[in-house]
$ cat query04.pdb   # PDB, C-alpha atoms, pLDDT in the B column
ATOM      1  CA  MET C 232      27.909  25.290  35.704  1.00 57.00           C
ATOM      2  CA  ASN C 233      24.520  23.779  36.504  1.00 65.00           C
ATOM      3  CA  PRO C 234      21.502  24.581  34.326  1.00 69.00           C
ATOM      4  CA  ALA C 235      18.954  27.031  35.732  1.00 82.00           C
ATOM      5  CA  PRO C 236      16.266  25.354  37.852  1.00 87.00           C
ATOM      6  CA  THR C 237      12.982  25.175  35.931  1.00 94.00           C
ATOM      7  CA  PRO C 238       9.582  24.448  37.506  1.00 97.00           C
ATOM      8  CA  THR C 239       7.462  21.765  35.844  1.00 97.00           C
ATOM      9  CA  SER C 240       4.273  23.562  36.934  1.00 98.00           C
ATOM     10  CA  ASP C 241       3.335  27.208  36.442  1.00 96.00           C
ATOM     11  CA  ARG C 242       1.156  27.189  39.573  1.00 97.00           C
ATOM     12  CA  LEU C 243       2.972  28.094  42.782  1.00 97.00           C
ATOM     13  CA  SER C 244       0.070  26.504  44.672  1.00 98.00           C
ATOM     14  CA  ASP C 245       1.327  23.103  43.427  1.00 98.00           C
ATOM     15  CA  TYR C 246       4.531  23.766  45.396  1.00 98.00           C
ATOM     16  CA  LEU C 247       2.558  24.383  48.590  1.00 98.00           C
ATOM     17  CA  ALA C 248       0.379  21.257  48.453  1.00 98.00           C
ATOM     18  CA  ALA C 249       0.258  18.550  51.099  1.00 98.00           C
ATOM     19  CA  ASP C 250       0.011  14.838  50.333  1.00 97.00           C
ATOM     20  CA  ALA C 251       0.797  11.497  51.982  1.00 97.00           C
ATOM     21  CA  VAL C 252       4.556  12.146  51.716  1.00 98.00           C
ATOM     22  CA  ILE C 253       4.725  15.894  52.311  1.00 98.00           C
ATOM     23  CA  ASP C 254       2.286  15.875  55.220  1.00 98.00           C
ATOM     24  CA  HIS C 255       2.884  19.440  56.365  1.00 97.00           C
ATOM     25  CA  GLY C 256      -0.494  19.561  58.096  1.00 97.00           C
ATOM     26  CA  HIS C 257       0.771  17.007  60.647  1.00 98.00           C
ATOM     27  CA  ARG C 258       0.902  18.524  64.123  1.00 98.00           C
ATOM     28  CA  SER C 259       4.607  17.754  64.612  1.00 98.00           C
ATOM     29  CA  ILE C 260       5.526  19.464  61.334  1.00 98.00           C
ATOM     30  CA  ARG C 261       3.320  22.486  62.168  1.00 97.00           C
ATOM     31  CA  ALA C 262       4.785  22.721  65.678  1.00 98.00           C
ATOM     32  CA  LEU C 263       8.371  22.643  64.434  1.00 98.00           C
ATOM     33  CA  ALA C 264       7.630  25.101  61.611  1.00 97.00           C
ATOM     34  CA  ASP C 265       6.152  27.475  64.194  1.00 95.00           C
ATOM     35  CA  ALA C 266       9.137  26.996  66.528  1.00 95.00           C
ATOM     36  CA  LEU C 267      11.609  27.656  63.704  1.00 93.00           C
ATOM     37  CA  ARG C 268       9.740  30.728  62.426  1.00 90.00           C
ATOM     38  CA  PRO C 269      11.960  33.777  62.974  1.00 88.00           C
ATOM     39  CA  VAL C 270      10.836  36.973  64.649  1.00 85.00           C
ATOM     40  CA  GLY C 271       9.436  39.256  61.963  1.00 85.00           C
ATOM     41  CA  ASP C 272       8.401  36.377  59.688  1.00 84.00           C
ATOM     42  CA  ASP C 273      11.251  36.969  57.208  1.00 94.00           C
ATOM     43  CA  PRO C 274      10.774  34.165  54.645  1.00 96.00           C
ATOM     44  CA  VAL C 275      14.498  33.992  53.820  1.00 97.00           C
ATOM     45  CA  GLU C 276      15.386  33.529  57.495  1.00 96.00           C
ATOM     46  CA  ALA C 277      12.552  31.007  57.830  1.00 96.00           C
ATOM     47  CA  ALA C 278      13.910  29.014  54.881  1.00 97.00           C
ATOM     48  CA  LYS C 279      17.469  29.179  56.194  1.00 97.00           C
ATOM     49  CA  THR C 280      16.446  28.042  59.674  1.00 97.00           C
ATOM     50  CA  ALA C 281      14.445  25.111  58.264  1.00 98.00           C
ATOM     51  CA  PHE C 282      17.344  24.177  55.963  1.00 98.00           C
ATOM     52  CA  LEU C 283      19.872  24.203  58.798  1.00 97.00           C
ATOM     53  CA  PHE C 284      17.594  22.140  61.009  1.00 98.00           C
ATOM     54  CA  VAL C 285      17.164  19.410  58.371  1.00 98.00           C
ATOM     55  CA  ARG C 286      20.824  19.460  57.322  1.00 97.00           C
ATOM     56  CA  ASP C 287      22.281  19.445  60.836  1.00 96.00           C
ATOM     57  CA  GLU C 288      19.663  17.898  63.147  1.00 97.00           C
ATOM     58  CA  VAL C 289      18.428  15.015  60.975  1.00 97.00           C
ATOM     59  CA  GLU C 290      21.047  12.314  60.398  1.00 96.00           C
ATOM     60  CA  HIS C 291      21.695  10.927  56.939  1.00 95.00           C
ATOM     61  CA  VAL C 292      21.297   7.130  57.143  1.00 95.00           C
ATOM     62  CA  ILE C 293      24.616   6.475  55.429  1.00 93.00           C
ATOM     63  CA  ASP C 294      26.589   8.838  57.670  1.00 93.00           C
ATOM     64  CA  ALA C 295      24.949   7.420  60.786  1.00 93.00           C
ATOM     65  CA  ALA C 296      25.015   3.767  59.601  1.00 94.00           C
ATOM     66  CA  ASP C 297      21.345   3.739  60.601  1.00 96.00           C
ATOM     67  CA  PRO C 298      19.191   0.819  59.391  1.00 96.00           C
ATOM     68  CA  ARG C 299      15.871   2.692  59.528  1.00 97.00           C
ATOM     69  CA  VAL C 300      13.881   3.654  56.436  1.00 97.00           C
ATOM     70  CA  THR C 301      11.827   6.850  56.526  1.00 98.00           C
ATOM     71  CA  TRP C 302       9.931   8.557  53.706  1.00 97.00           C
ATOM     72  CA  ARG C 303       6.962  10.547  55.076  1.00 98.00           C
ATOM     73  CA  ALA C 304       8.016  14.017  56.303  1.00 98.00           C
ATOM     74  CA  SER C 305       6.474  13.574  59.763  1.00 98.00           C
ATOM     75  CA  ASP C 306       8.223  10.195  60.159  1.00 98.00           C
ATOM     76  CA  VAL C 307      11.570  11.704  59.161  1.00 98.00           C
ATOM     77  CA  LEU C 308      11.037  14.353  61.820  1.00 98.00           C
ATOM     78  CA  ARG C 309      10.020  11.811  64.475  1.00 98.00           C
ATOM     79  CA  GLU C 310      12.955   9.471  63.780  1.00 98.00           C
ATOM     80  CA  ARG C 311      15.448  12.269  63.006  1.00 98.00           C
ATOM     81  CA  VAL C 312      17.015  10.165  60.257  1.00 98.00           C
ATOM     82  CA  GLY C 313      16.608   9.731  56.518  1.00 97.00           C
ATOM     83  CA  ILE C 314      18.309   9.319  53.197  1.00 97.00           C
ATOM     84  CA  CYS C 315      18.706  12.464  51.045  1.00 97.00           C
ATOM     85  CA  HIS C 316      15.232  12.000  49.547  1.00 98.00           C
ATOM     86  CA  ALA C 317      13.580  11.695  52.958  1.00 98.00           C
ATOM     87  CA  LYS C 318      15.419  14.769  54.208  1.00 98.00           C
ATOM     88  CA  ALA C 319      14.183  16.655  51.123  1.00 98.00           C
ATOM     89  CA  HIS C 320      10.634  15.562  51.972  1.00 98.00           C
ATOM     90  CA  LEU C 321      10.990  17.021  55.471  1.00 98.00           C
ATOM     91  CA  LEU C 322      12.519  20.289  54.261  1.00 98.00           C
ATOM     92  CA  ALA C 323       9.706  20.759  51.732  1.00 98.00           C
ATOM     93  CA  ALA C 324       7.111  20.105  54.450  1.00 98.00           C
ATOM     94  CA  LEU C 325       8.692  22.616  56.838  1.00 98.00           C
ATOM     95  CA  LEU C 326       8.888  25.265  54.110  1.00 98.00           C
ATOM     96  CA  ARG C 327       5.358  24.653  52.838  1.00 98.00           C
ATOM     97  CA  ALA C 328       4.013  24.782  56.400  1.00 98.00           C
ATOM     98  CA  GLN C 329       5.307  28.355  56.492  1.00 96.00           C
ATOM     99  CA  GLY C 330       3.796  29.271  53.116  1.00 97.00           C
ATOM    100  CA  ILE C 331       7.108  29.056  51.233  1.00 98.00           C
ATOM    101  CA  PRO C 332       6.836  27.219  47.892  1.00 98.00           C
ATOM    102  CA  ALA C 333       9.240  24.269  47.698  1.00 98.00           C
ATOM    103  CA  GLY C 334       9.841  21.543  45.140  1.00 98.00           C
ATOM    104  CA  PHE C 335      12.056  18.562  44.394  1.00 98.00           C
ATOM    105  CA  CYS C 336      15.134  18.294  42.174  1.00 98.00           C
ATOM    106  CA  TYR C 337      17.406  15.382  41.317  1.00 98.00           C
ATOM    107  CA  GLN C 338      20.944  14.570  40.318  1.00 97.00           C
ATOM    108  CA  GLU C 339      22.158  11.287  38.842  1.00 97.00           C
ATOM    109  CA  LEU C 340      25.340  10.593  40.784  1.00 95.00           C
ATOM    110  CA  SER C 341      26.328   7.028  41.767  1.00 91.00           C
ATOM    111  CA  ALA C 342      22.585   6.791  42.513  1.00 95.00           C
ATOM    112  CA  LEU C 343      19.711   9.251  42.243  1.00 97.00           C
ATOM    113  CA  HIS C 344      20.292  12.102  44.698  1.00 97.00           C
ATOM    114  CA  GLY C 345      17.379  14.211  45.957  1.00 97.00           C
ATOM    115  CA  LEU C 346      17.365  17.871  46.898  1.00 98.00           C
ATOM    116  CA  ASN C 347      14.985  20.833  47.018  1.00 98.00           C
ATOM    117  CA  ALA C 348      14.243  24.102  45.300  1.00 98.00           C
ATOM    118  CA  VAL C 349      12.684  27.052  47.103  1.00 98.00           C
ATOM    119  CA  TYR C 350      10.841  30.035  45.634  1.00 98.00           C
ATOM    120  CA  LEU C 351      11.922  33.300  47.270  1.00 97.00           C
ATOM    121  CA  HIS C 352      12.296  36.851  45.942  1.00 94.00           C
ATOM    122  CA  GLY C 353      10.497  35.910  42.724  1.00 95.00           C
ATOM    123  CA  ARG C 354      12.870  33.131  41.682  1.00 95.00           C
ATOM    124  CA  TRP C 355      13.804  29.528  42.345  1.00 97.00           C
ATOM    125  CA  SER C 356      16.999  28.492  44.134  1.00 97.00           C
ATOM    126  CA  ARG C 357      18.134  24.940  44.791  1.00 97.00           C
ATOM    127  CA  LEU C 358      19.075  23.819  48.304  1.00 97.00           C
ATOM    128  CA  ASP C 359      20.664  20.537  49.373  1.00 97.00           C
ATOM    129  CA  ALA C 360      20.147  19.608  53.040  1.00 97.00           C
ATOM    130  CA  ARG C 361      21.761  16.160  52.688  1.00 95.00           C
ATOM    131  CA  GLY C 362      24.164  16.797  55.567  1.00 89.00           C
ATOM    132  CA  ASN C 363      27.872  17.583  55.485  1.00 81.00           C
ATOM    133  CA  ARG C 364      29.415  14.874  57.668  1.00 78.00           C
ATOM    134  CA  THR C 365      31.181  12.896  54.928  1.00 76.00           C
ATOM    135  CA  GLY C 366      32.641  15.608  52.735  1.00 77.00           C
ATOM    136  CA  ALA C 367      29.390  16.910  51.286  1.00 84.00           C
ATOM    137  CA  GLY C 368      29.215  20.691  50.937  1.00 87.00           C
ATOM    138  CA  GLY C 369      25.570  21.757  51.052  1.00 93.00           C
ATOM    139  CA  GLU C 370      25.112  25.330  52.282  1.00 96.00           C
ATOM    140  CA  PHE C 371      22.167  27.719  52.347  1.00 97.00           C
ATOM    141  CA  SER C 372      22.538  30.147  49.459  1.00 96.00           C
ATOM    142  CA  LEU C 373      19.945  31.784  47.246  1.00 95.00           C
ATOM    143  CA  ASP C 374      22.476  33.416  44.922  1.00 93.00           C
ATOM    144  CA  VAL C 375      25.167  30.812  44.212  1.00 93.00           C
ATOM    145  CA  GLU C 376      24.350  27.099  44.308  1.00 94.00           C
ATOM    146  CA  LYS C 377      26.161  25.306  47.098  1.00 95.00           C
ATOM    147  CA  LEU C 378      24.916  21.750  46.700  1.00 95.00           C
ATOM    148  CA  ALA C 379      26.245  18.733  48.578  1.00 93.00           C
ATOM    149  CA  TRP C 380      27.953  17.188  45.567  1.00 89.00           C
ATOM    150  CA  PRO C 381      29.129  18.629  42.259  1.00 89.00           C
ATOM    151  CA  VAL C 382      27.974  16.753  39.160  1.00 93.00           C
ATOM    152  CA  GLU C 383      30.845  15.233  37.176  1.00 94.00           C
ATOM    153  CA  PRO C 384      29.601  14.673  33.591  1.00 95.00           C
ATOM    154  CA  GLU C 385      32.854  12.911  32.647  1.00 96.00           C
ATOM    155  CA  ARG C 386      31.825  10.167  35.114  1.00 95.00           C
ATOM    156  CA  GLY C 387      28.394   9.861  33.498  1.00 94.00           C
ATOM    157  CA  GLU C 388      26.682  11.990  36.150  1.00 96.00           C
ATOM    158  CA  ARG C 389      23.764  14.226  35.234  1.00 95.00           C
ATOM    159  CA  ASP C 390      21.981  17.191  36.753  1.00 95.00           C
ATOM    160  CA  HIS C 391      18.193  17.429  36.351  1.00 95.00           C
ATOM    161  CA  PRO C 392      17.209  21.127  36.458  1.00 93.00           C
ATOM    162  CA  GLU C 393      13.470  20.412  36.660  1.00 97.00           C
ATOM    163  CA  ILE C 394      11.654  21.376  39.854  1.00 98.00           C
ATOM    164  CA  HIS C 395       8.855  18.926  40.580  1.00 98.00           C
ATOM    165  CA  PRO C 396       5.943  19.781  42.885  1.00 98.00           C
ATOM    166  CA  ALA C 397       5.890  16.205  44.249  1.00 98.00           C
ATOM    167  CA  PRO C 398       8.653  13.692  44.913  1.00 98.00           C
ATOM    168  CA  ALA C 399       9.481  11.370  42.022  1.00 97.00           C
ATOM    169  CA  PRO C 400       7.243   8.269  42.100  1.00 97.00           C
ATOM    170  CA  VAL C 401      10.259   5.997  41.557  1.00 97.00           C
ATOM    171  CA  VAL C 402      11.789   7.386  44.776  1.00 97.00           C
ATOM    172  CA  VAL C 403       8.609   7.158  46.827  1.00 97.00           C
ATOM    173  CA  ASP C 404       7.919   3.608  45.611  1.00 97.00           C
ATOM    174  CA  PHE C 405      11.444   2.541  46.527  1.00 97.00           C
ATOM    175  CA  LEU C 406      11.321   4.097  50.002  1.00 97.00           C
ATOM    176  CA  MET C 407       7.859   2.718  50.769  1.00 96.00           C
ATOM    177  CA  THR C 408       8.913  -0.839  49.931  1.00 96.00           C
ATOM    178  CA  ALA C 409      12.513  -0.839  51.225  1.00 96.00           C
ATOM    179  CA  GLU C 410      13.203  -3.289  54.037  1.00 95.00           C
ATOM    180  CA  PRO C 411      15.026  -1.757  57.021  1.00 96.00           C
ATOM    181  CA  GLY C 412      18.443  -3.174  57.770  1.00 95.00           C
ATOM    182  CA  PRO C 413      22.137  -2.475  57.232  1.00 92.00           C
ATOM    183  CA  GLY C 414      22.794  -1.029  53.781  1.00 91.00           C
ATOM    184  CA  TRP C 415      19.111  -1.101  52.757  1.00 95.00           C
ATOM    185  CA  TYR C 416      19.729   1.837  50.387  1.00 92.00           C
ATOM    186  CA  GLU C 417      22.150  -0.296  48.341  1.00 90.00           C
ATOM    187  CA  LYS C 418      19.349  -2.676  47.360  1.00 88.00           C
ATOM    188  CA  GLY C 419      17.632  -0.915  44.507  1.00 88.00           C
ATOM    189  CA  LEU C 420      18.014   2.816  45.117  1.00 92.00           C
ATOM    190  CA  PRO C 421      17.003   4.313  41.755  1.00 94.00           C
ATOM    191  CA  ARG C 422      19.838   5.484  39.527  1.00 93.00           C
ATOM    192  CA  THR C 423      17.642   7.621  37.256  1.00 93.00           C
ATOM    193  CA  LEU C 424      14.194   9.164  37.063  1.00 92.00           C
TER     194      LEU C 424
END
$ encode --input "query04.pdb" --output "structure tokens"
Amino acid sequence: MNPAPTPTSDRLSDYLAADAVIDHGHRSIRALADALRPVGDDPVEAAKTAFLFVRDEVEHVIDAADPRVTWRASDVLRERVGICHAKAHLLAALLRAQGIPAGFCYQELSALHGLNAVYLHGRWSRLDARGNRTGAGGEFSLDVEKLAWPVEPERGERDHPEIHPAPAPVVVDFLMTAEPGPGWYEKGLPRTL
């Protein structure tokens, strides 16, 4: 069983902030957030719709064998491709654009895996929009975690329950300096925070 997700900040406003990576004020992000907004403005439906869009409409670079590197939310949306971290950046931007607090969580698998947490109904729930093409099992659920990959401690894997308001600097630094090309993610993707 995974540990309960725990925010690293007590201020929900930190989980709504925009920055150079989570650029939810960008017109393309705002336009998509508006288009995905359900009738009646139900925040759970809004979160689910955003999750499904990122999981199913944005390719994971490994699944697609795509050589492009994206990291800024608006770039991930424009290119419709990204590694798990980039997809988490886009999901956070789409949620924050709709006033739904969202943060970043990590797992140490064969490399550092990025996912999100969302604050709805007075509590945090983790969501993993990585994409399910290669056996991953991420589903939208606020009650029972349905993440892409289970952590296997016997293999040295580790789950980080902390919910960060901003993406991990080690991830952003890696993505900003990665050179596009086949297998770019194999050349220095962080293994730990």
$ atom_distance --input "query04.pdb" --atom1 "atom CA of C:Asp390" --atom2 "atom CA of C:Tyr337"
6.7 Å
$ residues_around --input "query04.pdb" --residues "C:Asp404" --least-positions-apart "3" --cutoff "12 Å" --atoms "only C-alpha atoms" --output "PDB file with C-alpha atoms, keeping the file's coordinate frame"
ATOM      1  CA  VAL C 252       4.556  12.146  51.716  1.00 98.00           C
ATOM      2  CA  TRP C 302       9.931   8.557  53.706  1.00 97.00           C
ATOM      3  CA  ARG C 303       6.962  10.547  55.076  1.00 98.00           C
ATOM      4  CA  HIS C 316      15.232  12.000  49.547  1.00 98.00           C
ATOM      5  CA  PRO C 398       8.653  13.692  44.913  1.00 98.00           C
ATOM      6  CA  ALA C 399       9.481  11.370  42.022  1.00 97.00           C
ATOM      7  CA  PRO C 400       7.243   8.269  42.100  1.00 97.00           C
ATOM      8  CA  VAL C 401      10.259   5.997  41.557  1.00 97.00           C
ATOM      9  CA  MET C 407       7.859   2.718  50.769  1.00 96.00           C
ATOM     10  CA  THR C 408       8.913  -0.839  49.931  1.00 96.00           C
ATOM     11  CA  ALA C 409      12.513  -0.839  51.225  1.00 96.00           C
ATOM     12  CA  GLY C 419      17.632  -0.915  44.507  1.00 88.00           C
ATOM     13  CA  LEU C 420      18.014   2.816  45.117  1.00 92.00           C
ATOM     14  CA  PRO C 421      17.003   4.313  41.755  1.00 94.00           C
ATOM     15  CA  LEU C 424      14.194   9.164  37.063  1.00 92.00           C
TER      16      LEU C 424
END
$ closest_residue --input "query04.pdb" --among "C:Asp297, C:Ala360, C:Gln338, C:Val382" --to "C:Ala317" --atoms "only C-alpha atoms"
C:Ala360
$ atom_distance --input "query04.pdb" --atom1 "atom CA of C:Asp294" --atom2 "atom CA of C:Val375"
25.8 Å
$ residues_around --input "query04.pdb" --residues "stretch 340-355 of chain C" --least-positions-apart "6" --cutoff "8 Å" --atoms "all atoms listed in the file" --output "PyMOL selection string"
chain C and resi 236-237+274-275+315-316+319+322-323+331-334+361+382+387-389+394+420-424
$ build_atoms --input "query04.pdb" --residues "stretch 239-265 of chain C" --atoms "N, CA, C and O atoms" --output "PDB file, keeping the file's coordinate frame"
ATOM      1  N   THR C 239       8.270  22.548  36.791  1.00 97.00           N
ATOM      2  CA  THR C 239       7.462  21.765  35.844  1.00 97.00           C
ATOM      3  C   THR C 239       5.998  22.172  35.901  1.00 97.00           C
ATOM      4  O   THR C 239       5.206  21.707  35.086  1.00 97.00           O
ATOM      5  N   SER C 240       5.631  23.033  36.843  1.00 98.00           N
ATOM      6  CA  SER C 240       4.273  23.562  36.934  1.00 98.00           C
ATOM      7  C   SER C 240       4.346  25.080  37.022  1.00 98.00           C
ATOM      8  O   SER C 240       5.241  25.629  37.673  1.00 98.00           O
ATOM      9  N   ASP C 241       3.402  25.747  36.384  1.00 96.00           N
ATOM     10  CA  ASP C 241       3.335  27.208  36.442  1.00 96.00           C
ATOM     11  C   ASP C 241       2.590  27.704  37.675  1.00 96.00           C
ATOM     12  O   ASP C 241       2.551  28.899  37.938  1.00 96.00           O
ATOM     13  N   ARG C 242       1.968  26.799  38.413  1.00 97.00           N
ATOM     14  CA  ARG C 242       1.156  27.189  39.573  1.00 97.00           C
ATOM     15  C   ARG C 242       1.972  27.033  40.863  1.00 97.00           C
ATOM     16  O   ARG C 242       2.296  25.920  41.270  1.00 97.00           O
ATOM     17  N   LEU C 243       2.244  28.153  41.511  1.00 97.00           N
ATOM     18  CA  LEU C 243       2.972  28.094  42.782  1.00 97.00           C
ATOM     19  C   LEU C 243       2.205  27.284  43.818  1.00 97.00           C
ATOM     20  O   LEU C 243       2.809  26.664  44.694  1.00 97.00           O
ATOM     21  N   SER C 244       0.877  27.271  43.708  1.00 98.00           N
ATOM     22  CA  SER C 244       0.070  26.504  44.672  1.00 98.00           C
ATOM     23  C   SER C 244       0.433  25.021  44.650  1.00 98.00           C
ATOM     24  O   SER C 244       0.306  24.342  45.667  1.00 98.00           O
ATOM     25  N   ASP C 245       0.903  24.510  43.497  1.00 98.00           N
ATOM     26  CA  ASP C 245       1.327  23.103  43.427  1.00 98.00           C
ATOM     27  C   ASP C 245       2.528  22.843  44.338  1.00 98.00           C
ATOM     28  O   ASP C 245       2.743  21.726  44.799  1.00 98.00           O
ATOM     29  N   TYR C 246       3.328  23.883  44.579  1.00 98.00           N
ATOM     30  CA  TYR C 246       4.531  23.766  45.396  1.00 98.00           C
ATOM     31  C   TYR C 246       4.268  24.080  46.869  1.00 98.00           C
ATOM     32  O   TYR C 246       5.192  24.210  47.662  1.00 98.00           O
ATOM     33  N   LEU C 247       2.986  24.194  47.202  1.00 98.00           N
ATOM     34  CA  LEU C 247       2.558  24.383  48.590  1.00 98.00           C
ATOM     35  C   LEU C 247       1.652  23.248  49.064  1.00 98.00           C
ATOM     36  O   LEU C 247       1.238  23.224  50.226  1.00 98.00           O
ATOM     37  N   ALA C 248       1.351  22.317  48.177  1.00 98.00           N
ATOM     38  CA  ALA C 248       0.379  21.257  48.453  1.00 98.00           C
ATOM     39  C   ALA C 248       0.907  20.250  49.468  1.00 98.00           C
ATOM     40  O   ALA C 248       2.107  20.019  49.586  1.00 98.00           O
ATOM     41  N   ALA C 249      -0.042  19.657  50.180  1.00 98.00           N
ATOM     42  CA  ALA C 249       0.258  18.550  51.099  1.00 98.00           C
ATOM     43  C   ALA C 249      -0.218  17.257  50.457  1.00 98.00           C
ATOM     44  O   ALA C 249      -1.160  17.255  49.668  1.00 98.00           O
ATOM     45  N   ASP C 250       0.439  16.164  50.786  1.00 97.00           N
ATOM     46  CA  ASP C 250       0.011  14.838  50.333  1.00 97.00           C
ATOM     47  C   ASP C 250       0.489  13.815  51.364  1.00 97.00           C
ATOM     48  O   ASP C 250       0.926  14.186  52.450  1.00 97.00           O
ATOM     49  N   ALA C 251       0.426  12.554  51.026  1.00 97.00           N
ATOM     50  CA  ALA C 251       0.797  11.497  51.982  1.00 97.00           C
ATOM     51  C   ALA C 251       2.285  11.529  52.338  1.00 97.00           C
ATOM     52  O   ALA C 251       2.673  11.075  53.415  1.00 97.00           O
ATOM     53  N   VAL C 252       3.113  12.082  51.459  1.00 98.00           N
ATOM     54  CA  VAL C 252       4.556  12.146  51.716  1.00 98.00           C
ATOM     55  C   VAL C 252       4.926  13.471  52.373  1.00 98.00           C
ATOM     56  O   VAL C 252       5.622  13.506  53.378  1.00 98.00           O
ATOM     57  N   ILE C 253       4.436  14.551  51.800  1.00 98.00           N
ATOM     58  CA  ILE C 253       4.725  15.894  52.311  1.00 98.00           C
ATOM     59  C   ILE C 253       3.534  16.303  53.174  1.00 98.00           C
ATOM     60  O   ILE C 253       2.715  17.131  52.802  1.00 98.00           O
ATOM     61  N   ASP C 254       3.452  15.716  54.332  1.00 98.00           N
ATOM     62  CA  ASP C 254       2.286  15.875  55.220  1.00 98.00           C
ATOM     63  C   ASP C 254       2.477  17.074  56.161  1.00 98.00           C
ATOM     64  O   ASP C 254       2.491  16.949  57.371  1.00 98.00           O
ATOM     65  N   HIS C 255       2.575  18.261  55.567  1.00 97.00           N
ATOM     66  CA  HIS C 255       2.884  19.440  56.365  1.00 97.00           C
ATOM     67  C   HIS C 255       1.730  19.923  57.239  1.00 97.00           C
ATOM     68  O   HIS C 255       1.908  20.841  58.040  1.00 97.00           O
ATOM     69  N   GLY C 256       0.584  19.277  57.164  1.00 97.00           N
ATOM     70  CA  GLY C 256      -0.494  19.561  58.096  1.00 97.00           C
ATOM     71  C   GLY C 256      -0.370  18.771  59.398  1.00 97.00           C
ATOM     72  O   GLY C 256      -1.094  19.030  60.362  1.00 97.00           O
ATOM     73  N   HIS C 257       0.559  17.824  59.443  1.00 98.00           N
ATOM     74  CA  HIS C 257       0.771  17.007  60.647  1.00 98.00           C
ATOM     75  C   HIS C 257       1.188  17.910  61.803  1.00 98.00           C
ATOM     76  O   HIS C 257       1.987  18.844  61.631  1.00 98.00           O
ATOM     77  N   ARG C 258       0.662  17.628  62.982  1.00 98.00           N
ATOM     78  CA  ARG C 258       0.902  18.524  64.123  1.00 98.00           C
ATOM     79  C   ARG C 258       2.381  18.677  64.460  1.00 98.00           C
ATOM     80  O   ARG C 258       2.819  19.755  64.872  1.00 98.00           O
ATOM     81  N   SER C 259       3.182  17.634  64.292  1.00 98.00           N
ATOM     82  CA  SER C 259       4.607  17.754  64.612  1.00 98.00           C
ATOM     83  C   SER C 259       5.325  18.672  63.616  1.00 98.00           C
ATOM     84  O   SER C 259       6.211  19.441  64.002  1.00 98.00           O
ATOM     85  N   ILE C 260       4.940  18.591  62.355  1.00 98.00           N
ATOM     86  CA  ILE C 260       5.526  19.464  61.334  1.00 98.00           C
ATOM     87  C   ILE C 260       5.117  20.909  61.612  1.00 98.00           C
ATOM     88  O   ILE C 260       5.947  21.820  61.582  1.00 98.00           O
ATOM     89  N   ARG C 261       3.821  21.129  61.885  1.00 97.00           N
ATOM     90  CA  ARG C 261       3.320  22.486  62.168  1.00 97.00           C
ATOM     91  C   ARG C 261       4.011  23.065  63.403  1.00 97.00           C
ATOM     92  O   ARG C 261       4.403  24.226  63.421  1.00 97.00           O
ATOM     93  N   ALA C 262       4.159  22.242  64.442  1.00 98.00           N
ATOM     94  CA  ALA C 262       4.785  22.721  65.678  1.00 98.00           C
ATOM     95  C   ALA C 262       6.239  23.119  65.437  1.00 98.00           C
ATOM     96  O   ALA C 262       6.695  24.171  65.917  1.00 98.00           O
ATOM     97  N   LEU C 263       6.975  22.299  64.700  1.00 98.00           N
ATOM     98  CA  LEU C 263       8.371  22.643  64.434  1.00 98.00           C
ATOM     99  C   LEU C 263       8.461  23.867  63.528  1.00 98.00           C
ATOM    100  O   LEU C 263       9.294  24.747  63.751  1.00 98.00           O
ATOM    101  N   ALA C 264       7.620  23.936  62.499  1.00 97.00           N
ATOM    102  CA  ALA C 264       7.630  25.101  61.611  1.00 97.00           C
ATOM    103  C   ALA C 264       7.370  26.373  62.415  1.00 97.00           C
ATOM    104  O   ALA C 264       8.036  27.395  62.208  1.00 97.00           O
ATOM    105  N   ASP C 265       6.436  26.314  63.343  1.00 95.00           N
ATOM    106  CA  ASP C 265       6.152  27.475  64.194  1.00 95.00           C
ATOM    107  C   ASP C 265       7.350  27.804  65.087  1.00 95.00           C
ATOM    108  O   ASP C 265       7.695  28.972  65.273  1.00 95.00           O
TER     109      ASP C 265
END
